[in-house]
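Below is run_3.txt, holding compact mmCIF, C-alpha atoms.
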# COMPACT_ATOMS: atom_id res chain seq x y z
CA MET Y 1 105.58 98.87 98.90
CA ALA Y 2 102.59 97.21 97.32
CA ASP Y 3 99.44 98.05 95.49
CA GLU Y 4 96.60 97.42 97.89
CA ILE Y 5 93.60 96.02 96.03
CA GLU Y 6 90.70 95.68 98.37
CA ARG Y 7 86.96 95.12 98.20
CA LYS Y 8 84.77 96.10 101.06
CA PHE Y 9 81.27 94.94 102.02
CA LEU Y 10 78.70 95.34 104.74
CA VAL Y 11 77.52 92.18 106.47
CA SER Y 12 73.98 90.84 106.21
CA SER Y 13 73.93 88.68 109.37
CA ASP Y 14 75.86 87.77 112.49
CA ALA Y 15 76.90 84.36 111.09
CA TRP Y 16 80.49 85.64 110.69
CA ARG Y 17 80.74 85.66 114.50
CA ASN Y 18 81.40 81.91 114.56
CA GLY Y 19 85.18 81.80 114.77
CA PRO Y 20 88.22 82.78 116.80
CA PRO Y 21 88.22 85.99 118.85
CA GLY Y 22 89.38 89.19 117.18
CA VAL Y 23 92.17 91.63 117.84
CA ARG Y 24 91.59 95.13 119.12
CA ILE Y 25 92.87 97.81 116.76
CA CYS Y 26 93.27 101.46 117.61
CA GLN Y 27 94.39 103.68 114.77
CA GLY Y 28 94.89 107.36 114.27
CA TYR Y 29 95.88 109.51 111.33
CA LEU Y 30 98.78 111.92 111.10
CA CYS Y 31 97.41 112.94 107.74
CA ARG Y 32 94.18 112.11 105.95
CA ASP Y 33 94.29 114.05 102.72
CA LYS Y 34 92.54 112.61 99.71
CA GLU Y 35 95.94 112.16 98.02
CA ARG Y 36 97.72 110.49 100.94
CA THR Y 37 97.06 109.12 104.40
CA VAL Y 38 99.54 108.37 107.16
CA ARG Y 39 98.12 105.93 109.69
CA VAL Y 40 99.41 104.85 113.10
CA ARG Y 41 97.97 101.48 114.07
CA LEU Y 42 98.25 99.61 117.35
CA ALA Y 43 96.89 96.10 116.71
CA GLY Y 44 97.09 93.92 119.81
CA GLU Y 45 100.80 93.91 120.63
CA LYS Y 46 102.02 95.03 117.22
CA ALA Y 47 102.25 98.51 115.77
CA PHE Y 48 102.57 99.85 112.26
CA LEU Y 49 103.00 103.06 110.37
CA THR Y 50 101.19 102.90 107.05
CA ILE Y 51 101.22 105.36 104.19
CA LYS Y 52 98.62 105.05 101.47
CA GLY Y 53 98.25 106.99 98.26
CA ALA Y 54 95.09 108.17 96.51
CA THR Y 55 92.51 105.53 95.70
CA SER Y 56 92.18 104.67 92.05
CA GLY Y 57 89.19 102.36 91.60
CA ILE Y 58 89.69 99.69 94.28
CA SER Y 59 93.49 100.03 94.30
CA ARG Y 60 96.01 102.29 96.00
CA LYS Y 61 99.69 102.33 96.82
CA GLU Y 62 100.52 101.16 100.31
CA PHE Y 63 103.74 101.29 102.33
CA GLU Y 64 103.68 99.61 105.71
CA TYR Y 65 106.41 99.65 108.34
CA ALA Y 66 106.42 97.86 111.69
CA ILE Y 67 107.31 100.23 114.52
CA PRO Y 68 108.10 99.56 118.18
CA PRO Y 69 104.71 99.06 119.89
CA GLU Y 70 105.90 101.02 122.92
CA GLU Y 71 106.09 104.11 120.68
CA ALA Y 72 102.62 103.71 119.23
CA GLN Y 73 100.70 105.51 121.96
CA ALA Y 74 102.95 108.59 121.80
CA LEU Y 75 102.47 108.61 118.01
CA LEU Y 76 98.70 108.20 118.41
CA ASP Y 77 98.81 111.24 120.72
CA LEU Y 78 100.35 113.24 117.84
CA CYS Y 79 97.57 112.23 115.44
CA LEU Y 80 94.64 114.32 114.29
CA PRO Y 81 91.71 114.16 116.72
CA LEU Y 82 89.33 111.20 116.53
CA PRO Y 83 91.05 107.83 116.27
CA VAL Y 84 89.26 104.75 114.92
CA ASP Y 85 88.71 101.90 117.32
CA LYS Y 86 87.62 98.45 116.19
CA ILE Y 87 87.93 94.71 116.68
CA ARG Y 88 89.27 92.83 113.68
CA HIS Y 89 88.07 89.25 113.19
CA GLU Y 90 89.76 87.04 110.62
CA ARG Y 91 87.62 84.53 108.74
CA LYS Y 92 88.87 82.13 106.08
CA HIS Y 93 86.44 81.34 103.31
CA GLY Y 94 87.00 79.67 99.95
CA GLY Y 95 90.76 80.14 100.05
CA HIS Y 96 90.58 83.84 100.88
CA LEU Y 97 91.00 85.70 104.14
CA TRP Y 98 88.18 88.02 105.15
CA GLU Y 99 88.82 90.72 107.72
CA VAL Y 100 85.63 91.60 109.53
CA ASP Y 101 85.96 94.93 111.34
CA GLU Y 102 83.53 95.55 114.15
CA PHE Y 103 83.78 99.24 114.91
CA LEU Y 104 83.61 100.74 118.39
CA GLY Y 105 83.14 104.21 119.83
CA PRO Y 106 81.47 106.74 117.51
CA ASN Y 107 81.31 104.07 114.77
CA ALA Y 108 79.78 101.36 117.01
CA GLY Y 109 77.21 99.32 115.12
CA LEU Y 110 79.12 99.41 111.84
CA ILE Y 111 80.58 96.10 110.66
CA VAL Y 112 82.61 95.95 107.47
CA ALA Y 113 84.17 92.90 105.78
CA GLU Y 114 87.22 93.37 103.59
CA ILE Y 115 89.07 91.10 101.23
CA GLU Y 116 92.49 91.78 99.72
CA LEU Y 117 92.95 90.63 96.17
CA SER Y 118 96.06 90.22 94.09
CA ASP Y 119 94.41 91.80 91.08
CA ALA Y 120 91.24 93.78 90.56
CA ASN Y 121 89.55 91.01 88.55
CA GLU Y 122 90.34 88.16 90.91
CA SER Y 123 87.23 86.15 91.71
CA PHE Y 124 86.32 84.99 95.21
CA GLU Y 125 83.57 83.07 96.99
CA ARG Y 126 81.04 85.14 98.90
CA PRO Y 127 80.31 83.96 102.42
CA ASP Y 128 76.57 83.69 103.26
CA TRP Y 129 76.84 86.59 105.67
CA LEU Y 130 78.22 89.00 103.05
CA GLY Y 131 76.08 92.07 102.38
CA ARG Y 132 76.19 95.03 100.04
CA GLU Y 133 79.49 96.09 98.47
CA VAL Y 134 80.73 99.54 99.54
CA SER Y 135 84.18 99.52 97.90
CA ASP Y 136 83.44 102.69 95.96
CA GLU Y 137 81.93 104.66 98.84
CA PRO Y 138 84.65 106.88 100.32
CA ARG Y 139 82.61 107.48 103.47
CA TYR Y 140 83.50 103.91 104.48
CA PHE Y 141 87.25 104.63 104.31
CA ASN Y 142 88.58 104.37 107.86
CA ALA Y 143 90.21 107.79 107.50
CA ASN Y 144 86.76 109.23 106.73
CA LEU Y 145 85.04 107.25 109.50
CA ALA Y 146 87.44 108.95 111.92
CA GLU Y 147 86.21 112.39 110.94
CA HIS Y 148 82.60 111.53 110.06
CA PRO Y 149 81.59 108.59 112.25
CA TRP Y 150 78.91 106.20 111.05
CA THR Y 151 76.51 106.94 113.93
CA GLU Y 152 76.32 110.55 112.74
CA TRP Y 153 75.42 109.75 109.12
CA LYS Y 154 72.00 111.01 108.09
CA THR Y 155 71.35 108.20 105.59
CA MET Z 1 111.25 108.28 120.16
CA ALA Z 2 113.25 111.18 121.49
CA ASP Z 3 112.91 114.82 122.28
CA GLU Z 4 114.78 116.68 119.60
CA ILE Z 5 116.49 119.73 121.07
CA GLU Z 6 118.11 121.73 118.35
CA ARG Z 7 119.61 125.17 117.87
CA LYS Z 8 119.91 126.64 114.44
CA PHE Z 9 122.15 129.41 113.12
CA LEU Z 10 123.05 131.15 109.91
CA VAL Z 11 126.72 131.13 108.92
CA SER Z 12 128.87 134.26 108.78
CA SER Z 13 131.60 132.99 106.43
CA ASP Z 14 132.63 130.11 104.19
CA ALA Z 15 135.25 128.85 106.68
CA TRP Z 16 132.99 125.84 107.48
CA ARG Z 17 133.73 124.52 103.96
CA ASN Z 18 137.09 123.13 105.12
CA GLY Z 19 136.22 119.50 105.76
CA PRO Z 20 134.93 116.30 104.24
CA PRO Z 21 132.37 116.37 101.43
CA GLY Z 22 128.71 116.39 102.34
CA VAL Z 23 125.80 114.09 101.63
CA ARG Z 24 122.96 114.99 99.32
CA ILE Z 25 119.58 114.98 101.04
CA CYS Z 26 116.24 115.10 99.30
CA GLN Z 27 113.24 115.30 101.57
CA GLY Z 28 109.54 115.71 101.11
CA TYR Z 29 106.60 116.05 103.46
CA LEU Z 30 103.52 113.87 103.64
CA CYS Z 31 102.20 116.31 106.18
CA ARG Z 32 103.44 119.68 107.38
CA ASP Z 33 100.89 120.87 109.88
CA LYS Z 34 102.05 123.07 112.70
CA GLU Z 35 101.19 120.26 115.16
CA ARG Z 36 102.91 117.43 113.29
CA THR Z 37 105.14 116.81 110.30
CA VAL Z 38 105.79 113.55 108.48
CA ARG Z 39 109.01 113.68 106.50
CA VAL Z 40 110.41 111.28 103.90
CA ARG Z 41 114.19 111.69 103.64
CA LEU Z 42 116.57 110.13 101.16
CA ALA Z 43 120.10 110.87 102.44
CA GLY Z 44 122.77 109.37 100.22
CA GLU Z 45 121.96 105.67 100.25
CA LYS Z 46 119.84 105.70 103.39
CA ALA Z 47 116.20 106.59 103.81
CA PHE Z 48 114.08 107.55 106.78
CA LEU Z 49 110.53 108.32 107.73
CA THR Z 50 110.43 110.92 110.48
CA ILE Z 51 107.50 112.20 112.48
CA LYS Z 52 107.89 115.34 114.54
CA GLY Z 53 105.46 116.98 116.90
CA ALA Z 54 104.82 120.66 117.51
CA THR Z 55 107.80 122.78 118.46
CA SER Z 56 107.90 123.95 122.03
CA GLY Z 57 110.77 126.41 122.46
CA ILE Z 58 113.73 124.65 120.82
CA SER Z 59 112.39 121.15 121.52
CA ARG Z 60 109.98 118.76 119.84
CA LYS Z 61 109.11 115.08 119.86
CA GLU Z 62 110.78 113.08 117.12
CA PHE Z 63 110.23 109.53 115.90
CA GLU Z 64 112.58 108.29 113.20
CA TYR Z 65 112.38 104.99 111.33
CA ALA Z 66 114.79 103.68 108.72
CA ILE Z 67 112.95 102.53 105.60
CA PRO Z 68 114.17 100.63 102.54
CA PRO Z 69 115.93 103.22 100.34
CA GLU Z 70 114.42 101.66 97.22
CA GLU Z 71 110.97 102.73 98.48
CA ALA Z 72 111.97 106.32 99.20
CA GLN Z 73 111.40 107.72 95.71
CA ALA Z 74 107.87 106.28 95.50
CA LEU Z 75 107.15 107.80 98.92
CA LEU Z 76 108.64 111.13 97.83
CA ASP Z 77 106.26 111.00 94.86
CA LEU Z 78 103.34 110.78 97.31
CA CYS Z 79 104.52 113.85 99.23
CA LEU Z 80 103.09 117.34 99.07
CA PRO Z 81 104.57 119.38 96.22
CA LEU Z 82 107.93 121.07 96.71
CA PRO Z 83 110.58 118.85 98.27
CA VAL Z 84 113.65 120.28 100.02
CA ASP Z 85 116.99 119.55 98.46
CA LYS Z 86 120.27 120.20 100.25
CA ILE Z 87 123.80 119.01 100.93
CA ARG Z 88 124.54 118.23 104.55
CA HIS Z 89 128.10 118.76 105.76
CA GLU Z 90 129.16 117.44 109.16
CA ARG Z 91 131.67 119.47 111.16
CA LYS Z 92 132.99 118.55 114.60
CA HIS Z 93 133.78 121.44 116.89
CA GLY Z 94 134.45 121.50 120.61
CA GLY Z 95 133.02 118.04 121.19
CA HIS Z 96 129.78 118.74 119.33
CA LEU Z 97 128.64 117.81 115.86
CA TRP Z 98 127.45 120.64 113.64
CA GLU Z 99 125.32 119.87 110.61
CA VAL Z 100 125.76 122.54 107.98
CA ASP Z 101 122.96 122.40 105.42
CA GLU Z 102 123.66 124.02 102.09
CA PHE Z 103 120.29 124.32 100.39
CA LEU Z 104 119.70 123.80 96.69
CA GLY Z 105 116.87 124.55 94.27
CA PRO Z 106 114.45 127.28 95.35
CA ASN Z 107 116.40 127.67 98.62
CA ALA Z 108 119.84 127.91 96.97
CA GLY Z 109 122.03 130.45 98.74
CA LEU Z 110 120.71 129.59 102.19
CA ILE Z 111 123.15 127.87 104.54
CA VAL Z 112 122.05 126.84 108.03
CA ALA Z 113 124.11 125.23 110.80
CA GLU Z 114 122.37 123.08 113.38
CA ILE Z 115 123.47 121.54 116.63
CA GLU Z 116 121.57 118.90 118.58
CA LEU Z 117 121.75 119.22 122.34
CA SER Z 118 120.82 116.80 125.06
CA ASP Z 119 119.13 119.50 127.07
CA ALA Z 120 118.01 123.01 126.32
CA ASN Z 121 120.60 124.61 128.61
CA GLU Z 122 123.59 122.61 127.37
CA SER Z 123 126.48 124.92 126.52
CA PHE Z 124 128.59 124.57 123.40
CA GLU Z 125 131.51 126.25 121.68
CA ARG Z 126 130.68 128.51 118.76
CA PRO Z 127 132.76 127.97 115.64
CA ASP Z 128 134.22 131.19 114.12
CA TRP Z 129 131.95 130.86 111.12
CA LEU Z 130 128.74 130.79 113.18
CA GLY Z 131 126.30 133.61 112.47
CA ARG Z 132 122.97 134.76 113.84
CA GLU Z 133 120.76 132.31 115.71
CA VAL Z 134 117.44 131.56 114.00
CA SER Z 135 116.15 128.76 116.28
CA ASP Z 136 112.95 130.65 117.05
CA GLU Z 137 112.15 131.67 113.46
CA PRO Z 138 109.67 129.14 112.04
CA ARG Z 139 110.35 130.28 108.48
CA TYR Z 140 113.70 128.45 108.75
CA PHE Z 141 111.97 125.12 109.51
CA ASN Z 142 112.63 122.83 106.56
CA ALA Z 143 108.91 122.11 106.28
CA ASN Z 144 108.31 125.84 105.85
CA LEU Z 145 111.25 126.28 103.45
CA ALA Z 146 109.53 123.69 101.22
CA GLU Z 147 106.42 125.83 100.91
CA HIS Z 148 108.01 129.29 101.19
CA PRO Z 149 111.52 129.02 99.76
CA TRP Z 150 114.21 131.38 100.98
CA THR Z 151 114.81 132.98 97.54
CA GLU Z 152 111.21 134.23 97.60
CA TRP Z 153 111.40 135.92 101.00
CA LYS Z 154 110.93 139.67 100.88
CA THR Z 155 113.17 140.43 103.87
Can you present the structure in this file as structure tokens?
Amino acid sequence: MADEIERKFLVSSDAWRNGPPGVRICQGYLCRDKERTVRVRLAGEKAFLTIKGATSGISRKEFEYAIPPEEAQALLDLCLPLPVDKIRHERKHGGHLWEVDEFLGPNAGLIVAEIELSDANESFERPDWLGREVSDEPRYFNANLAEHPWTEWKT
Amino acid sequence: MADEIERKFLVSSDAWRNGPPGVRICQGYLCRDKERTVRVRLAGEKAFLTIKGATSGISRKEFEYAIPPEEAQALLDLCLPLPVDKIRHERKHGGHLWEVDEFLGPNAGLIVAEIELSDANESFERPDWLGREVSDEPRYFNANLAEHPWTEWKT
């Protein structure tokens, strides 16, 4: 169990693409209430079950358990409709790890960069390609992108 | 992952009480849709996260993962209101294991005996204390007993 403290940004250019290839992630939700989400994630050859609590500011409780990858597809089949499909690219910058998620399917075109911090006030260097912060916009939560994909947003 | 095939009965007497002491179980639900449940169970000193699919007859898909018991209470705190509290007594009879659940709290007074079978047509010996079968009554599902406790039933 950990407190997940995360800041989330759009990207302002394709410069982040310089780097190693990403990993395909397919994730579904057994539950996506505001107060709790239960996520099934198949990331390359690894699989995880992740429970997160309600978001408070940029922080929320997170419990993550590795599960046998051969069970992930059957669990994804049990999930609510509309999984989230993306490629995750890892980029190191200024001592921090950025995860750049390039969404696919109904969210294709959306690219979001995330950084995990050890406390909410931790400072970090912004890569040149970093765009607008969206940490406090719930519509960018993956659980919400599943139900209300980016390509269907009106604004 | 396994198919859980289970038959469930009321008890007709207290004769099942002859036997070793039971284990206290406290369980909550992160999700209790008809199509899927996600259960957090603290059973004595062990803890589990269990995902079950929709019930089809007396069978449903089940995925169970052991989790660190020290994380169970924080996960229970994330669950939907109204956990289920019970003492589970194990009784061997005729080569099968019966789990006799003596409910506590808002379900106090309810006692249910369950047997897991390897296929739906497997035969088994009925202990003398076995009462009416309730396998096909969804109100006896633990997830439903959480929300609609037995002491509040009208019939």
Mind giving me the straight-line distance from atom CA of Lys86 of chain Z to atom CA of Ser59 of chain Z in Å, one decimal?
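For atom CA of Lys86 of chain Z relative to atom CA of Ser59 of chain Z, the distance reads 22.7 Å.
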To one decimal place, how far is atom CA of Glu90 of chain Z from atom CA of Val112 of chain Z in Å?
11.8 Å
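Proximity of Z:Lys8, Z:Cys26, Z:Glu70, Z:Leu42 to chain Y, computed with only C-alpha atoms, is greatest for Z:Glu70.
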What is the distance between atom CA of Ser118 of chain Z and atom CA of Ile5 of chain Z, in Å to one decimal?
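Interatomic distance here is 6.6 Å.
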Kindly provide the residues of chain Z that approach chain Y to within 10 Å, each paired with its closest atom pair and their distance in Å to one decimal, based on all atoms listed in the file, listed by chain and increasing number, as a tab-separated table.
residue	atom	partner	partner_atom	distance
Z:Met1	CA	Y:Glu71	CA	6.7
Z:Leu30	CA	Y:Arg36	CA	7.2
Z:Cys31	CA	Y:Cys31	CA	6.1
Z:Arg32	CA	Y:Cys31	CA	9.1
Z:Asp33	CA	Y:Cys31	CA	8.9
Z:Glu35	CA	Y:Leu78	CA	7.6
Z:Arg36	CA	Y:Leu78	CA	6.7
Z:Thr37	CA	Y:Leu30	CA	8.1
Z:Val38	CA	Y:Leu30	CA	7.7
Z:Leu49	CA	Y:Leu49	CA	9.6
Z:Ile51	CA	Y:Leu75	CA	8.3
Z:Lys52	CA	Y:Leu78	CA	8.5
Z:Gly53	CA	Y:Leu78	CA	6.4
Z:Ala54	CA	Y:Leu78	CA	8.7
Z:Lys61	CA	Y:Ala74	CA	9.2
Z:Glu62	CA	Y:Leu75	CA	9.5
Z:Phe63	CA	Y:Leu75	CA	8.1
Z:Glu64	CA	Y:Ile67	CA	9.7
Z:Tyr65	CA	Y:Ile67	CA	7.7
Z:Ala66	CA	Y:Tyr65	CA	9.3
Z:Ile67	CA	Y:Tyr65	CA	7.7
Z:Pro68	CA	Y:Met1	CA	9.5
Z:Glu70	CA	Y:Met1	CA	9.4
Z:Glu71	CA	Y:Met1	CA	6.6
Z:Ala72	CA	Y:Met1	CA	9.8
Z:Ala74	CA	Y:Met1	CA	8.5
Z:Leu75	CA	Y:Phe63	CA	8.1
Z:Asp77	CA	Y:Gly53	CA	9.6
Z:Leu78	CA	Y:Gly53	CA	6.4
Z:Cys79	CA	Y:Arg36	CA	7.8
Z:Leu80	CA	Y:Glu35	CA	8.9
Around all listed atoms of segment 77-81 of chain Y, padded 6 Å per side, what centre and edge lengths does the axis-aligned box have in Å to one decimal, as JSON?
{"center_x": 96.0, "center_y": 112.8, "center_z": 117.5, "size_x": 20.6, "size_y": 15.1, "size_z": 18.4}
Extract, using all atoms listed in the file, all DNA, RNA and protein residues at most 8 Å from Leu104 of chain Y, discarding same-chain residues fewer than 6 positions from it, and format them as a list in words.
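Answer for this query is Val84, Asp85, Lys86 and Ile87 of chain Y.
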List as number ranges by chain the protein and nucleic acid residues near Trp153 of chain Z, meaning an atom at most 10 Å away when all atoms listed in the file are counted, but skip any in the same chain fewer than 5 places from it.
Z: 107, 139, 145, 148
Neighbourhood query: residues within 9 Å of (120.5, 134.6, 113.2), file coordinates, counting only C-alpha atoms; return as a list in words.
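I get Lys8, Phe9, Leu10, Val11, Gly131, Arg132, Glu133, Val134, Ser135 and Glu137 of chain Z for the residues within 9 Å of that point.
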Protein/DNA/RNA residues near (134.4, 122.9, 116.3), cut 9 Å, only C-alpha atoms, as a PyMOL selection string
chain Z and resi 91-98+125-128
Could I see segment 1-36 of chain Y restored to N, CA and C atoms, set down as a PDB file, in the coordinates of the input?
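Ended up saving to result-v8.pdb:
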ATOM      1  N   MET Y   1     106.611  98.167  99.662  1.00  0.00           N
ATOM      2  CA  MET Y   1     105.580  98.870  98.900  1.00  0.00           C
ATOM      3  C   MET Y   1     104.753  97.872  98.101  1.00  0.00           C
ATOM      4  N   ALA Y   2     103.466  98.105  98.072  1.00  0.00           N
ATOM      5  CA  ALA Y   2     102.590  97.210  97.320  1.00  0.00           C
ATOM      6  C   ALA Y   2     101.402  98.019  96.840  1.00  0.00           C
ATOM      7  N   ASP Y   3     100.740  97.504  95.833  1.00  0.00           N
ATOM      8  CA  ASP Y   3      99.440  98.050  95.490  1.00  0.00           C
ATOM      9  C   ASP Y   3      98.411  97.305  96.309  1.00  0.00           C
ATOM     10  N   GLU Y   4      97.661  98.044  97.093  1.00  0.00           N
ATOM     11  CA  GLU Y   4      96.600  97.420  97.890  1.00  0.00           C
ATOM     12  C   GLU Y   4      95.341  97.391  97.039  1.00  0.00           C
ATOM     13  N   ILE Y   5      94.844  96.180  96.793  1.00  0.00           N
ATOM     14  CA  ILE Y   5      93.600  96.020  96.030  1.00  0.00           C
ATOM     15  C   ILE Y   5      92.609  95.362  96.971  1.00  0.00           C
ATOM     16  N   GLU Y   6      91.558  96.074  97.259  1.00  0.00           N
ATOM     17  CA  GLU Y   6      90.700  95.680  98.370  1.00  0.00           C
ATOM     18  C   GLU Y   6      89.244  95.872  97.984  1.00  0.00           C
ATOM     19  N   ARG Y   7      88.408  94.911  98.348  1.00  0.00           N
ATOM     20  CA  ARG Y   7      86.960  95.120  98.200  1.00  0.00           C
ATOM     21  C   ARG Y   7      86.331  95.056  99.581  1.00  0.00           C
ATOM     22  N   LYS Y   8      85.320  95.842  99.731  1.00  0.00           N
ATOM     23  CA  LYS Y   8      84.770  96.100 101.060  1.00  0.00           C
ATOM     24  C   LYS Y   8      83.246  95.931 101.007  1.00  0.00           C
ATOM     25  N   PHE Y   9      82.703  95.246 102.007  1.00  0.00           N
ATOM     26  CA  PHE Y   9      81.270  94.940 102.020  1.00  0.00           C
ATOM     27  C   PHE Y   9      80.693  95.172 103.411  1.00  0.00           C
ATOM     28  N   LEU Y  10      79.405  95.420 103.466  1.00  0.00           N
ATOM     29  CA  LEU Y  10      78.700  95.340 104.740  1.00  0.00           C
ATOM     30  C   LEU Y  10      78.421  93.861 105.013  1.00  0.00           C
ATOM     31  N   VAL Y  11      77.893  93.569 106.192  1.00  0.00           N
ATOM     32  CA  VAL Y  11      77.520  92.180 106.470  1.00  0.00           C
ATOM     33  C   VAL Y  11      76.000  92.126 106.584  1.00  0.00           C
ATOM     34  N   SER Y  12      75.446  90.970 106.241  1.00  0.00           N
ATOM     35  CA  SER Y  12      73.980  90.840 106.210  1.00  0.00           C
ATOM     36  C   SER Y  12      73.457  90.035 107.386  1.00  0.00           C
ATOM     37  N   SER Y  13      74.355  89.439 108.181  1.00  0.00           N
ATOM     38  CA  SER Y  13      73.930  88.680 109.370  1.00  0.00           C
ATOM     39  C   SER Y  13      75.099  88.579 110.338  1.00  0.00           C
ATOM     40  N   ASP Y  14      74.818  87.961 111.475  1.00  0.00           N
ATOM     41  CA  ASP Y  14      75.860  87.770 112.490  1.00  0.00           C
ATOM     42  C   ASP Y  14      76.587  86.437 112.325  1.00  0.00           C
ATOM     43  N   ALA Y  15      76.314  85.700 111.258  1.00  0.00           N
ATOM     44  CA  ALA Y  15      76.900  84.360 111.090  1.00  0.00           C
ATOM     45  C   ALA Y  15      78.424  84.394 111.087  1.00  0.00           C
ATOM     46  N   TRP Y  16      79.019  85.515 110.686  1.00  0.00           N
ATOM     47  CA  TRP Y  16      80.490  85.640 110.690  1.00  0.00           C
ATOM     48  C   TRP Y  16      81.063  85.511 112.104  1.00  0.00           C
ATOM     49  N   ARG Y  17      80.211  85.675 113.119  1.00  0.00           N
ATOM     50  CA  ARG Y  17      80.740  85.660 114.500  1.00  0.00           C
ATOM     51  C   ARG Y  17      81.288  84.296 114.913  1.00  0.00           C
ATOM     52  N   ASN Y  18      80.858  83.241 114.239  1.00  0.00           N
ATOM     53  CA  ASN Y  18      81.400  81.910 114.560  1.00  0.00           C
ATOM     54  C   ASN Y  18      82.861  81.857 114.140  1.00  0.00           C
ATOM     55  N   GLY Y  19      83.759  81.825 115.122  1.00  0.00           N
ATOM     56  CA  GLY Y  19      85.180  81.800 114.770  1.00  0.00           C
ATOM     57  C   GLY Y  19      86.010  82.305 115.920  1.00  0.00           C
ATOM     58  N   PRO Y  20      87.312  82.368 115.722  1.00  0.00           N
ATOM     59  CA  PRO Y  20      88.220  82.780 116.800  1.00  0.00           C
ATOM     60  C   PRO Y  20      87.989  84.246 117.193  1.00  0.00           C
ATOM     61  N   PRO Y  21      88.407  84.611 118.402  1.00  0.00           N
ATOM     62  CA  PRO Y  21      88.220  85.990 118.850  1.00  0.00           C
ATOM     63  C   PRO Y  21      89.066  86.953 118.017  1.00  0.00           C
ATOM     64  N   GLY Y  22      88.670  88.196 117.999  1.00  0.00           N
ATOM     65  CA  GLY Y  22      89.380  89.190 117.180  1.00  0.00           C
ATOM     66  C   GLY Y  22      90.478  89.895 117.942  1.00  0.00           C
ATOM     67  N   VAL Y  23      91.080  90.829 117.268  1.00  0.00           N
ATOM     68  CA  VAL Y  23      92.170  91.630 117.840  1.00  0.00           C
ATOM     69  C   VAL Y  23      91.720  93.088 117.868  1.00  0.00           C
ATOM     70  N   ARG Y  24      91.945  93.726 118.992  1.00  0.00           N
ATOM     71  CA  ARG Y  24      91.590  95.130 119.120  1.00  0.00           C
ATOM     72  C   ARG Y  24      92.575  95.996 118.344  1.00  0.00           C
ATOM     73  N   ILE Y  25      92.035  96.895 117.542  1.00  0.00           N
ATOM     74  CA  ILE Y  25      92.870  97.810 116.760  1.00  0.00           C
ATOM     75  C   ILE Y  25      92.503  99.247 117.117  1.00  0.00           C
ATOM     76  N   CYS Y  26      93.503 100.032 117.438  1.00  0.00           N
ATOM     77  CA  CYS Y  26      93.270 101.460 117.610  1.00  0.00           C
ATOM     78  C   CYS Y  26      94.163 102.170 116.608  1.00  0.00           C
ATOM     79  N   GLN Y  27      93.576 103.005 115.785  1.00  0.00           N
ATOM     80  CA  GLN Y  27      94.390 103.680 114.770  1.00  0.00           C
ATOM     81  C   GLN Y  27      94.047 105.148 114.655  1.00  0.00           C
ATOM     82  N   GLY Y  28      95.071 105.925 114.451  1.00  0.00           N
ATOM     83  CA  GLY Y  28      94.890 107.360 114.270  1.00  0.00           C
ATOM     84  C   GLY Y  28      95.566 107.774 112.979  1.00  0.00           C
ATOM     85  N   TYR Y  29      95.332 109.009 112.596  1.00  0.00           N
ATOM     86  CA  TYR Y  29      95.880 109.510 111.330  1.00  0.00           C
ATOM     87  C   TYR Y  29      96.713 110.769 111.575  1.00  0.00           C
ATOM     88  N   LEU Y  30      97.946 110.725 111.081  1.00  0.00           N
ATOM     89  CA  LEU Y  30      98.780 111.920 111.100  1.00  0.00           C
ATOM     90  C   LEU Y  30      98.377 112.820 109.937  1.00  0.00           C
ATOM     91  N   CYS Y  31      97.792 112.226 108.949  1.00  0.00           N
ATOM     92  CA  CYS Y  31      97.410 112.940 107.740  1.00  0.00           C
ATOM     93  C   CYS Y  31      96.291 112.147 107.073  1.00  0.00           C
ATOM     94  N   ARG Y  32      95.224 112.827 106.686  1.00  0.00           N
ATOM     95  CA  ARG Y  32      94.180 112.110 105.950  1.00  0.00           C
ATOM     96  C   ARG Y  32      93.672 112.949 104.790  1.00  0.00           C
ATOM     97  N   ASP Y  33      94.629 113.403 103.983  1.00  0.00           N
ATOM     98  CA  ASP Y  33      94.290 114.050 102.720  1.00  0.00           C
ATOM     99  C   ASP Y  33      93.707 113.019 101.770  1.00  0.00           C
ATOM    100  N   LYS Y  34      93.055 113.505 100.752  1.00  0.00           N
ATOM    101  CA  LYS Y  34      92.540 112.610  99.710  1.00  0.00           C
ATOM    102  C   LYS Y  34      93.706 111.931  98.985  1.00  0.00           C
ATOM    103  N   GLU Y  35      94.806 112.649  98.828  1.00  0.00           N
ATOM    104  CA  GLU Y  35      95.940 112.160  98.020  1.00  0.00           C
ATOM    105  C   GLU Y  35      96.873 111.237  98.804  1.00  0.00           C
ATOM    106  N   ARG Y  36      96.801 111.293 100.134  1.00  0.00           N
ATOM    107  CA  ARG Y  36      97.720 110.490 100.940  1.00  0.00           C
ATOM    108  C   ARG Y  36      97.206 110.411 102.378  1.00  0.00           C
TER     109      ARG Y  36
END
